[in-house]
>>> print(open('upload_35.pdb').read())   # PDB, C-alpha atoms, pLDDT in the B column
ATOM      1  CA  MET A   1     123.414 120.152  70.232  1.00 91.00           C
ATOM      2  CA  ASN A   2     120.453 117.892  70.828  1.00 95.00           C
ATOM      3  CA  ALA A   3     119.853 114.837  72.973  1.00 97.00           C
ATOM      4  CA  LEU A   4     117.499 111.889  73.158  1.00 98.00           C
ATOM      5  CA  VAL A   5     116.477 110.730  76.629  1.00 98.00           C
ATOM      6  CA  ILE A   6     115.138 107.156  76.567  1.00 98.00           C
ATOM      7  CA  ILE A   7     113.024 106.529  79.635  1.00 98.00           C
ATOM      8  CA  ASP A   8     112.666 103.175  81.395  1.00 98.00           C
ATOM      9  CA  VAL A   9     112.552 100.788  78.433  1.00 98.00           C
ATOM     10  CA  GLN A  10     112.845  97.860  80.830  1.00 98.00           C
ATOM     11  CA  ASN A  11     111.534  94.320  80.844  1.00 98.00           C
ATOM     12  CA  ASP A  12     109.045  94.800  83.674  1.00 98.00           C
ATOM     13  CA  PHE A  13     107.235  97.456  81.606  1.00 98.00           C
ATOM     14  CA  MET A  14     106.887  95.173  78.593  1.00 98.00           C
ATOM     15  CA  PRO A  15     103.659  93.204  77.900  1.00 97.00           C
ATOM     16  CA  TYR A  16     105.217  90.184  79.644  1.00 96.00           C
ATOM     17  CA  GLY A  17     106.424  92.206  82.654  1.00 97.00           C
ATOM     18  CA  SER A  18     105.073  92.729  86.145  1.00 97.00           C
ATOM     19  CA  LEU A  19     103.876  96.281  85.382  1.00 98.00           C
ATOM     20  CA  ALA A  20     102.991  95.887  81.729  1.00 97.00           C
ATOM     21  CA  VAL A  21     102.482  98.906  79.490  1.00 98.00           C
ATOM     22  CA  PRO A  22     100.158  97.968  76.612  1.00 97.00           C
ATOM     23  CA  GLU A  23     102.167  97.507  73.401  1.00 97.00           C
ATOM     24  CA  GLY A  24     105.290  98.665  75.210  1.00 97.00           C
ATOM     25  CA  ASP A  25     107.471  96.425  73.088  1.00 97.00           C
ATOM     26  CA  THR A  26     106.333  98.065  69.838  1.00 97.00           C
ATOM     27  CA  ILE A  27     108.423 101.152  70.531  1.00 98.00           C
ATOM     28  CA  ILE A  28     111.750  99.278  70.436  1.00 98.00           C
ATOM     29  CA  PRO A  29     112.313  99.444  66.647  1.00 97.00           C
ATOM     30  CA  VAL A  30     111.181 103.077  66.587  1.00 97.00           C
ATOM     31  CA  ILE A  31     113.705 104.044  69.274  1.00 97.00           C
ATOM     32  CA  ASN A  32     116.449 102.079  67.556  1.00 97.00           C
ATOM     33  CA  GLY A  33     115.640 103.819  64.285  1.00 96.00           C
ATOM     34  CA  ILE A  34     115.820 107.394  65.562  1.00 96.00           C
ATOM     35  CA  GLN A  35     119.034 107.258  67.579  1.00 96.00           C
ATOM     36  CA  SER A  36     121.172 108.415  64.657  1.00 94.00           C
ATOM     37  CA  TYR A  37     119.413 111.802  64.659  1.00 94.00           C
ATOM     38  CA  TYR A  38     120.906 112.839  68.006  1.00 96.00           C
ATOM     39  CA  ASP A  39     124.249 114.127  69.231  1.00 96.00           C
ATOM     40  CA  ILE A  40     123.898 112.546  72.666  1.00 97.00           C
ATOM     41  CA  ILE A  41     121.756 109.616  73.821  1.00 98.00           C
ATOM     42  CA  VAL A  42     121.116 108.883  77.473  1.00 98.00           C
ATOM     43  CA  ALA A  43     118.721 106.559  79.250  1.00 98.00           C
ATOM     44  CA  THR A  44     116.972 106.337  82.578  1.00 98.00           C
ATOM     45  CA  GLN A  45     116.427 103.127  84.497  1.00 98.00           C
ATOM     46  CA  ASP A  46     114.053 102.407  87.359  1.00 98.00           C
ATOM     47  CA  TRP A  47     116.230 100.752  90.001  1.00 98.00           C
ATOM     48  CA  HIS A  48     114.202  99.986  93.115  1.00 97.00           C
ATOM     49  CA  PRO A  49     115.223  98.220  96.316  1.00 97.00           C
ATOM     50  CA  ARG A  50     112.922  95.364  97.344  1.00 97.00           C
ATOM     51  CA  ASN A  51     111.573  97.377 100.291  1.00 97.00           C
ATOM     52  CA  HIS A  52     110.459 100.296  98.129  1.00 97.00           C
ATOM     53  CA  VAL A  53     107.533 102.307  99.473  1.00 95.00           C
ATOM     54  CA  SER A  54     105.670 102.133  96.150  1.00 95.00           C
ATOM     55  CA  PHE A  55     105.364  98.335  96.170  1.00 96.00           C
ATOM     56  CA  ALA A  56     101.949  97.110  97.282  1.00 96.00           C
ATOM     57  CA  SER A  57     103.639  93.978  98.618  1.00 96.00           C
ATOM     58  CA  ASN A  58     105.296  96.110 101.300  1.00 96.00           C
ATOM     59  CA  HIS A  59     101.917  97.255 102.661  1.00 95.00           C
ATOM     60  CA  PRO A  60      99.988  94.339 104.204  1.00 95.00           C
ATOM     61  CA  GLY A  61      96.388  94.194 103.078  1.00 94.00           C
ATOM     62  CA  LYS A  62      96.927  96.567 100.145  1.00 94.00           C
ATOM     63  CA  GLN A  63      96.624  95.724  96.470  1.00 96.00           C
ATOM     64  CA  PRO A  64      98.405  97.148  93.399  1.00 95.00           C
ATOM     65  CA  PHE A  65      96.935 100.423  92.137  1.00 94.00           C
ATOM     66  CA  GLU A  66      95.416 101.331  95.496  1.00 95.00           C
ATOM     67  CA  LYS A  67      96.433 104.721  96.850  1.00 94.00           C
ATOM     68  CA  ILE A  68      97.835 105.519 100.278  1.00 93.00           C
ATOM     69  CA  ASN A  69      99.175 108.605 102.044  1.00 90.00           C
ATOM     70  CA  VAL A  70     102.929 108.769 102.572  1.00 86.00           C
ATOM     71  CA  GLU A  71     104.206 111.751 104.565  1.00 80.00           C
ATOM     72  CA  GLY A  72     101.356 113.937 103.363  1.00 81.00           C
ATOM     73  CA  SER A  73     101.530 112.931  99.698  1.00 84.00           C
ATOM     74  CA  GLU A  74      99.409 110.503  97.698  1.00 90.00           C
ATOM     75  CA  GLN A  75     101.230 107.350  96.702  1.00 93.00           C
ATOM     76  CA  ILE A  76     100.003 104.893  94.081  1.00 94.00           C
ATOM     77  CA  LEU A  77     100.925 101.341  95.004  1.00 96.00           C
ATOM     78  CA  TRP A  78     102.451  99.340  92.179  1.00 96.00           C
ATOM     79  CA  PRO A  79     103.266  95.698  91.590  1.00 97.00           C
ATOM     80  CA  ASP A  80     106.885  94.947  92.436  1.00 97.00           C
ATOM     81  CA  HIS A  81     108.893  96.096  89.416  1.00 98.00           C
ATOM     82  CA  CYS A  82     112.434  96.925  88.308  1.00 98.00           C
ATOM     83  CA  VAL A  83     113.996  95.518  91.460  1.00 98.00           C
ATOM     84  CA  GLN A  84     117.725  96.175  91.497  1.00 98.00           C
ATOM     85  CA  GLY A  85     119.713  93.483  89.702  1.00 96.00           C
ATOM     86  CA  THR A  86     116.736  91.463  88.451  1.00 98.00           C
ATOM     87  CA  ASP A  87     115.922  90.589  84.856  1.00 98.00           C
ATOM     88  CA  GLY A  88     112.849  92.807  85.095  1.00 98.00           C
ATOM     89  CA  ALA A  89     115.051  95.833  85.708  1.00 98.00           C
ATOM     90  CA  MET A  90     117.187  95.197  82.613  1.00 98.00           C
ATOM     91  CA  PHE A  91     116.668  97.035  79.344  1.00 98.00           C
ATOM     92  CA  HIS A  92     114.653  95.188  76.698  1.00 98.00           C
ATOM     93  CA  PRO A  93     117.155  92.849  75.011  1.00 98.00           C
ATOM     94  CA  GLU A  94     116.431  94.238  71.538  1.00 98.00           C
ATOM     95  CA  LEU A  95     116.963  97.872  72.586  1.00 98.00           C
ATOM     96  CA  GLU A  96     120.184  99.142  71.021  1.00 98.00           C
ATOM     97  CA  THR A  97     122.273 100.519  73.884  1.00 98.00           C
ATOM     98  CA  ILE A  98     125.695 100.846  72.258  1.00 97.00           C
ATOM     99  CA  ARG A  99     125.268 104.600  71.743  1.00 97.00           C
ATOM    100  CA  PHE A 100     124.129 105.323  75.306  1.00 98.00           C
ATOM    101  CA  ALA A 101     126.521 107.930  76.684  1.00 98.00           C
ATOM    102  CA  ALA A 102     125.147 107.630  80.213  1.00 98.00           C
ATOM    103  CA  ILE A 103     122.472 105.844  82.234  1.00 98.00           C
ATOM    104  CA  PHE A 104     120.697 107.619  85.078  1.00 98.00           C
ATOM    105  CA  ARG A 105     119.141 105.336  87.666  1.00 97.00           C
ATOM    106  CA  LYS A 106     116.193 106.464  89.755  1.00 97.00           C
ATOM    107  CA  GLY A 107     113.921 105.236  92.521  1.00 96.00           C
ATOM    108  CA  MET A 108     116.726 103.934  94.733  1.00 96.00           C
ATOM    109  CA  ASN A 109     115.530 105.689  97.905  1.00 95.00           C
ATOM    110  CA  PRO A 110     113.169 103.153  99.518  1.00 95.00           C
ATOM    111  CA  ARG A 111     111.054 105.891 101.113  1.00 94.00           C
ATOM    112  CA  VAL A 112     110.389 108.106  98.077  1.00 93.00           C
ATOM    113  CA  ASP A 113     108.992 107.210  94.655  1.00 94.00           C
ATOM    114  CA  SER A 114     110.696 108.624  91.587  1.00 95.00           C
ATOM    115  CA  TYR A 115     108.965 109.023  88.233  1.00 97.00           C
ATOM    116  CA  SER A 116     111.060 111.783  86.674  1.00 98.00           C
ATOM    117  CA  GLY A 117     114.500 111.208  85.230  1.00 98.00           C
ATOM    118  CA  PHE A 118     115.616 114.477  86.853  1.00 98.00           C
ATOM    119  CA  TYR A 119     114.320 114.329  90.442  1.00 97.00           C
ATOM    120  CA  ASP A 120     112.472 112.077  92.847  1.00 95.00           C
ATOM    121  CA  ASN A 121     108.787 112.828  93.405  1.00 94.00           C
ATOM    122  CA  MET A 122     109.520 115.045  96.426  1.00 91.00           C
ATOM    123  CA  HIS A 123     112.235 116.947  94.503  1.00 92.00           C
ATOM    124  CA  LEU A 124     114.668 116.108  97.289  1.00 89.00           C
ATOM    125  CA  ILE A 125     117.330 114.338  95.214  1.00 91.00           C
ATOM    126  CA  SER A 126     118.620 115.183  91.747  1.00 95.00           C
ATOM    127  CA  THR A 127     119.819 112.394  89.470  1.00 96.00           C
ATOM    128  CA  GLY A 128     122.326 114.774  87.892  1.00 97.00           C
ATOM    129  CA  LEU A 129     120.682 114.567  84.465  1.00 98.00           C
ATOM    130  CA  ALA A 130     120.123 118.321  84.151  1.00 97.00           C
ATOM    131  CA  GLY A 131     123.731 119.124  84.972  1.00 97.00           C
ATOM    132  CA  TYR A 132     124.965 116.448  82.594  1.00 98.00           C
ATOM    133  CA  LEU A 133     122.943 117.821  79.676  1.00 98.00           C
ATOM    134  CA  ARG A 134     124.112 121.372  80.382  1.00 97.00           C
ATOM    135  CA  GLU A 135     127.745 120.300  80.638  1.00 97.00           C
ATOM    136  CA  LYS A 136     127.407 118.649  77.226  1.00 97.00           C
ATOM    137  CA  GLY A 137     126.011 121.851  75.735  1.00 97.00           C
ATOM    138  CA  ILE A 138     122.576 120.382  75.096  1.00 96.00           C
ATOM    139  CA  SER A 139     119.734 122.844  74.555  1.00 91.00           C
ATOM    140  CA  ASP A 140     117.120 120.734  72.747  1.00 96.00           C
ATOM    141  CA  VAL A 141     115.991 117.478  74.351  1.00 97.00           C
ATOM    142  CA  HIS A 142     113.644 114.851  72.932  1.00 97.00           C
ATOM    143  CA  PHE A 143     112.050 112.246  75.181  1.00 98.00           C
ATOM    144  CA  CYS A 144     110.608 108.796  74.571  1.00 98.00           C
ATOM    145  CA  GLY A 145     109.962 105.564  76.420  1.00 98.00           C
ATOM    146  CA  LEU A 146     107.639 104.191  79.068  1.00 98.00           C
ATOM    147  CA  ALA A 147     105.198 105.131  80.202  1.00 97.00           C
ATOM    148  CA  SER A 148     104.059 108.284  78.389  1.00 97.00           C
ATOM    149  CA  ASP A 149     101.583 109.256  81.100  1.00 97.00           C
ATOM    150  CA  ILE A 150     103.867 108.622  84.079  1.00 96.00           C
ATOM    151  CA  CYS A 151     107.656 108.640  83.940  1.00 98.00           C
ATOM    152  CA  VAL A 152     107.915 110.256  80.494  1.00 98.00           C
ATOM    153  CA  TYR A 153     105.423 112.957  81.464  1.00 98.00           C
ATOM    154  CA  TYR A 154     107.103 113.773  84.786  1.00 98.00           C
ATOM    155  CA  THR A 155     110.542 113.833  83.154  1.00 98.00           C
ATOM    156  CA  ILE A 156     109.352 116.267  80.486  1.00 98.00           C
ATOM    157  CA  ARG A 157     107.686 118.463  83.070  1.00 97.00           C
ATOM    158  CA  ASP A 158     110.969 118.736  84.983  1.00 98.00           C
ATOM    159  CA  ALA A 159     112.881 119.358  81.749  1.00 98.00           C
ATOM    160  CA  VAL A 160     110.683 122.368  81.033  1.00 97.00           C
ATOM    161  CA  MET A 161     111.201 123.571  84.602  1.00 96.00           C
ATOM    162  CA  GLU A 162     114.966 123.261  84.046  1.00 96.00           C
ATOM    163  CA  GLY A 163     114.721 125.427  80.929  1.00 96.00           C
ATOM    164  CA  PHE A 164     115.321 122.838  78.221  1.00 97.00           C
ATOM    165  CA  SER A 165     113.529 123.043  74.884  1.00 96.00           C
ATOM    166  CA  SER A 166     111.607 119.776  75.037  1.00 97.00           C
ATOM    167  CA  ALA A 167     109.779 117.425  72.694  1.00 97.00           C
ATOM    168  CA  LEU A 168     107.992 114.103  73.040  1.00 97.00           C
ATOM    169  CA  VAL A 169     108.511 111.529  70.294  1.00 97.00           C
ATOM    170  CA  GLU A 170     105.019 110.098  70.610  1.00 96.00           C
ATOM    171  CA  ASP A 171     105.323 106.931  68.524  1.00 96.00           C
ATOM    172  CA  ALA A 172     108.498 106.012  70.434  1.00 97.00           C
ATOM    173  CA  SER A 173     106.478 106.031  73.661  1.00 98.00           C
ATOM    174  CA  ARG A 174     103.425 104.249  75.065  1.00 98.00           C
ATOM    175  CA  PRO A 175     101.092 105.171  77.946  1.00 97.00           C
ATOM    176  CA  LEU A 176      99.862 102.933  80.738  1.00 96.00           C
ATOM    177  CA  ASN A 177      96.483 104.677  80.485  1.00 95.00           C
ATOM    178  CA  ALA A 178      95.687 106.095  77.049  1.00 94.00           C
ATOM    179  CA  GLU A 179      92.809 108.234  78.287  1.00 94.00           C
ATOM    180  CA  SER A 180      94.829 110.015  80.954  1.00 93.00           C
ATOM    181  CA  PHE A 181      97.672 110.490  78.497  1.00 96.00           C
ATOM    182  CA  GLU A 182      95.458 112.508  76.136  1.00 95.00           C
ATOM    183  CA  ILE A 183      94.788 114.950  78.976  1.00 96.00           C
ATOM    184  CA  LEU A 184      98.456 115.148  79.888  1.00 96.00           C
ATOM    185  CA  LYS A 185      99.448 115.638  76.256  1.00 95.00           C
ATOM    186  CA  LYS A 186      97.342 118.791  76.143  1.00 95.00           C
ATOM    187  CA  GLU A 187      99.000 119.945  79.351  1.00 96.00           C
ATOM    188  CA  MET A 188     102.447 119.370  77.878  1.00 97.00           C
ATOM    189  CA  THR A 189     101.695 121.266  74.678  1.00 96.00           C
ATOM    190  CA  GLY A 190     100.397 124.085  76.867  1.00 96.00           C
ATOM    191  CA  MET A 191     103.836 124.183  78.510  1.00 95.00           C
ATOM    192  CA  GLY A 192     105.468 124.585  75.094  1.00 96.00           C
ATOM    193  CA  VAL A 193     106.418 120.933  74.618  1.00 97.00           C
ATOM    194  CA  ARG A 194     106.430 119.781  70.999  1.00 96.00           C
ATOM    195  CA  VAL A 195     104.729 116.456  70.286  1.00 95.00           C
ATOM    196  CA  LEU A 196     106.437 114.817  67.298  1.00 94.00           C
ATOM    197  CA  ARG A 197     106.260 111.630  65.285  1.00 93.00           C
ATOM    198  CA  SER A 198     109.493 109.853  64.450  1.00 92.00           C
ATOM    199  CA  SER A 199     108.924 110.500  60.739  1.00 87.00           C
ATOM    200  CA  PHE A 200     109.207 114.243  61.437  1.00 76.00           C
ATOM    201  CA  LEU A 201     112.861 113.801  62.365  1.00 74.00           C
ATOM    202  CA  ASP A 202     113.685 113.297  58.682  1.00 60.00           C
ATOM    203  CA  LEU A 203     112.697 116.932  58.155  1.00 55.00           C
ATOM    204  CA  ILE A 204     114.796 118.460  60.932  1.00 52.00           C
TER     205      ILE A 204
END
>>> encode(input="upload_35.pdb", output="structure tokens")
Amino acid sequence: MNALVIIDVQNDFMPYGSLAVPEGDTIIPVINGIQSYYDIIVATQDWHPRNHVSFASNHPGKQPFEKINVEGSEQILWPDHCVQGTDGAMFHPELETIRFAAIFRKGMNPRVDSYSGFYDNMHLISTGLAGYLREKGISDVHFCGLASDICVYYTIRDAVMEGFSSALVEDASRPLNAESFEILKKEMTGMGVRVLRSSFLDLI
């Protein structure tokens, strides 16, 4: 049994959004086209309260992309994004969601950021994704979405830690920073993660 985990394909991460990922909208048809290859499809969704610690607007005098220290850990400050219930937090309207078996929301604790679809950044709270995949008998998990170098990367890293055979569908993902992603891609392959193109799925 295999699964596709679609990460944070939300309006605020599109080129028109508040935290735009370059060419983020180009992955929509790729994701729609590969869903039929998988037994189970799930998605993650950033779902932040307005007072979230990662929002620069909640730190007077600070600007987006500055870094601060929060309880001994470095925190990147972001533009307000994916605020609970807003249009920016919704999935891209052209993303096909009818086959989604479950949606795992993250980043709801206002005091802790949450990149991974499995745990918050402090590994204090589990979303339940790992248990869900195990209960469904999933052993092989493919990941895609936004952004390759942040939430997709951290989700894959936790998937490896949880013991899942993991792969990144690279052309169904886009990074916020292409240069940093190339470094992280090497790190992921070093962990045993397969980096695939969607066309490879025809051969599986």
>>> resolve_selection(input="upload_35.pdb", expression="the PyMOL selection byres ((chain A and resi 197-202) around 9)", output="PDB file with C-alpha atoms, in the frame of the given file")
ATOM      1  CA  VAL A  30     111.181 103.077  66.587  1.00 97.00           C
ATOM      2  CA  ILE A  31     113.705 104.044  69.274  1.00 97.00           C
ATOM      3  CA  GLY A  33     115.640 103.819  64.285  1.00 96.00           C
ATOM      4  CA  ILE A  34     115.820 107.394  65.562  1.00 96.00           C
ATOM      5  CA  TYR A  37     119.413 111.802  64.659  1.00 94.00           C
ATOM      6  CA  LEU A 168     107.992 114.103  73.040  1.00 97.00           C
ATOM      7  CA  VAL A 169     108.511 111.529  70.294  1.00 97.00           C
ATOM      8  CA  GLU A 170     105.019 110.098  70.610  1.00 96.00           C
ATOM      9  CA  ASP A 171     105.323 106.931  68.524  1.00 96.00           C
ATOM     10  CA  ALA A 172     108.498 106.012  70.434  1.00 97.00           C
ATOM     11  CA  VAL A 195     104.729 116.456  70.286  1.00 95.00           C
ATOM     12  CA  LEU A 196     106.437 114.817  67.298  1.00 94.00           C
ATOM     13  CA  LEU A 203     112.697 116.932  58.155  1.00 55.00           C
ATOM     14  CA  ILE A 204     114.796 118.460  60.932  1.00 52.00           C
TER      15      ILE A 204
END
>>> atom_distance(input="upload_35.pdb", atom1="CA of Phe91 in chain A", atom2="CA of Met108 in chain A")
16.9 Å
>>> closest_residue(input="upload_35.pdb", among="A:Val42, A:Ile6, A:Ala147, A:Met1", to="Ala101 in chain A", atoms="all atoms listed in the file")
A:Val42
>>> resolve_selection(input="upload_35.pdb", expression="the PyMOL selection byres ((chain A and resi 74-90) around 8)", output="list of chain:residue names")
A:Gln10, A:Asn11, A:Asp12, A:Gly17, A:Ser18, A:Leu19, A:Gln45, A:Asp46, A:Trp47, A:His48, A:Pro49, A:Arg50, A:Ser54, A:Phe55, A:Ala56, A:Ser57, A:Gln63, A:Pro64, A:Phe65, A:Glu66, A:Lys67, A:Ile68, A:Asn69, A:Val70, A:Gly72, A:Ser73, A:Phe91, A:His92, A:Pro93
>>> closest_atom_pairs(input="upload_35.pdb", of="range 70-105 of chain A", to="range 124-144 of chain A", cutoff="12 Å", atoms="all atoms listed in the file", output="CSV")
residue,atom,partner,partner_atom,distance
A:Ala101,CA,A:Tyr132,CA,10.5
A:Ala102,CA,A:Tyr132,CA,9.1
A:Ile103,CA,A:Leu129,CA,9.2
A:Phe104,CA,A:Thr127,CA,6.5
A:Arg105,CA,A:Thr127,CA,7.3
>>> closest_residue(input="upload_35.pdb", among="A:Asp39, A:Asp25, A:Glu179, A:Asp8", to="Glu94 in chain A", atoms="only C-alpha atoms")
A:Asp25
>>> closest_residue(input="upload_35.pdb", among="A:Asn51, A:Asn2, A:Thr44, A:Thr189", to="Val112 in chain A", atoms="all atoms listed in the file")
A:Asn51
>>> axis_aligned_box(input="upload_35.pdb", around="range 138-150 of chain A", padding_each_side="5 Å", output="JSON")
{"center_x": 112.1, "center_y": 113.5, "center_z": 78.4, "size_x": 31.0, "size_y": 28.7, "size_z": 21.3}
>>> resolve_selection(input="upload_35.pdb", expression="the PyMOL selection byres ((chain A and resi 185) around 10)", output="ChimeraX atom specification")
/A:148-149,153,168,170,180-184,186-191,193-195
>>> closest_residue(input="upload_35.pdb", among="A:Val5, A:Ile28, A:Met122, A:Met14", to="Ala159 in chain A", atoms="all atoms listed in the file")
A:Val5
>>> atom_distance(input="upload_35.pdb", atom1="CA of Ile27 in chain A", atom2="CA of Val152 in chain A")
13.5 Å
>>> atom_distance(input="upload_35.pdb", atom1="CA of Gln35 in chain A", atom2="CA of Leu4 in chain A")
7.4 Å
>>> closest_residue(input="upload_35.pdb", among="A:Ile41, A:Ile156, A:Cys151, A:Val53", to="Ile98 in chain A", atoms="all atoms listed in the file")
A:Ile41
>>> closest_residue(input="upload_35.pdb", among="A:Gly192, A:Pro175, A:Pro15, A:Gly61", to="Met161 in chain A", atoms="all atoms listed in the file")
A:Gly192
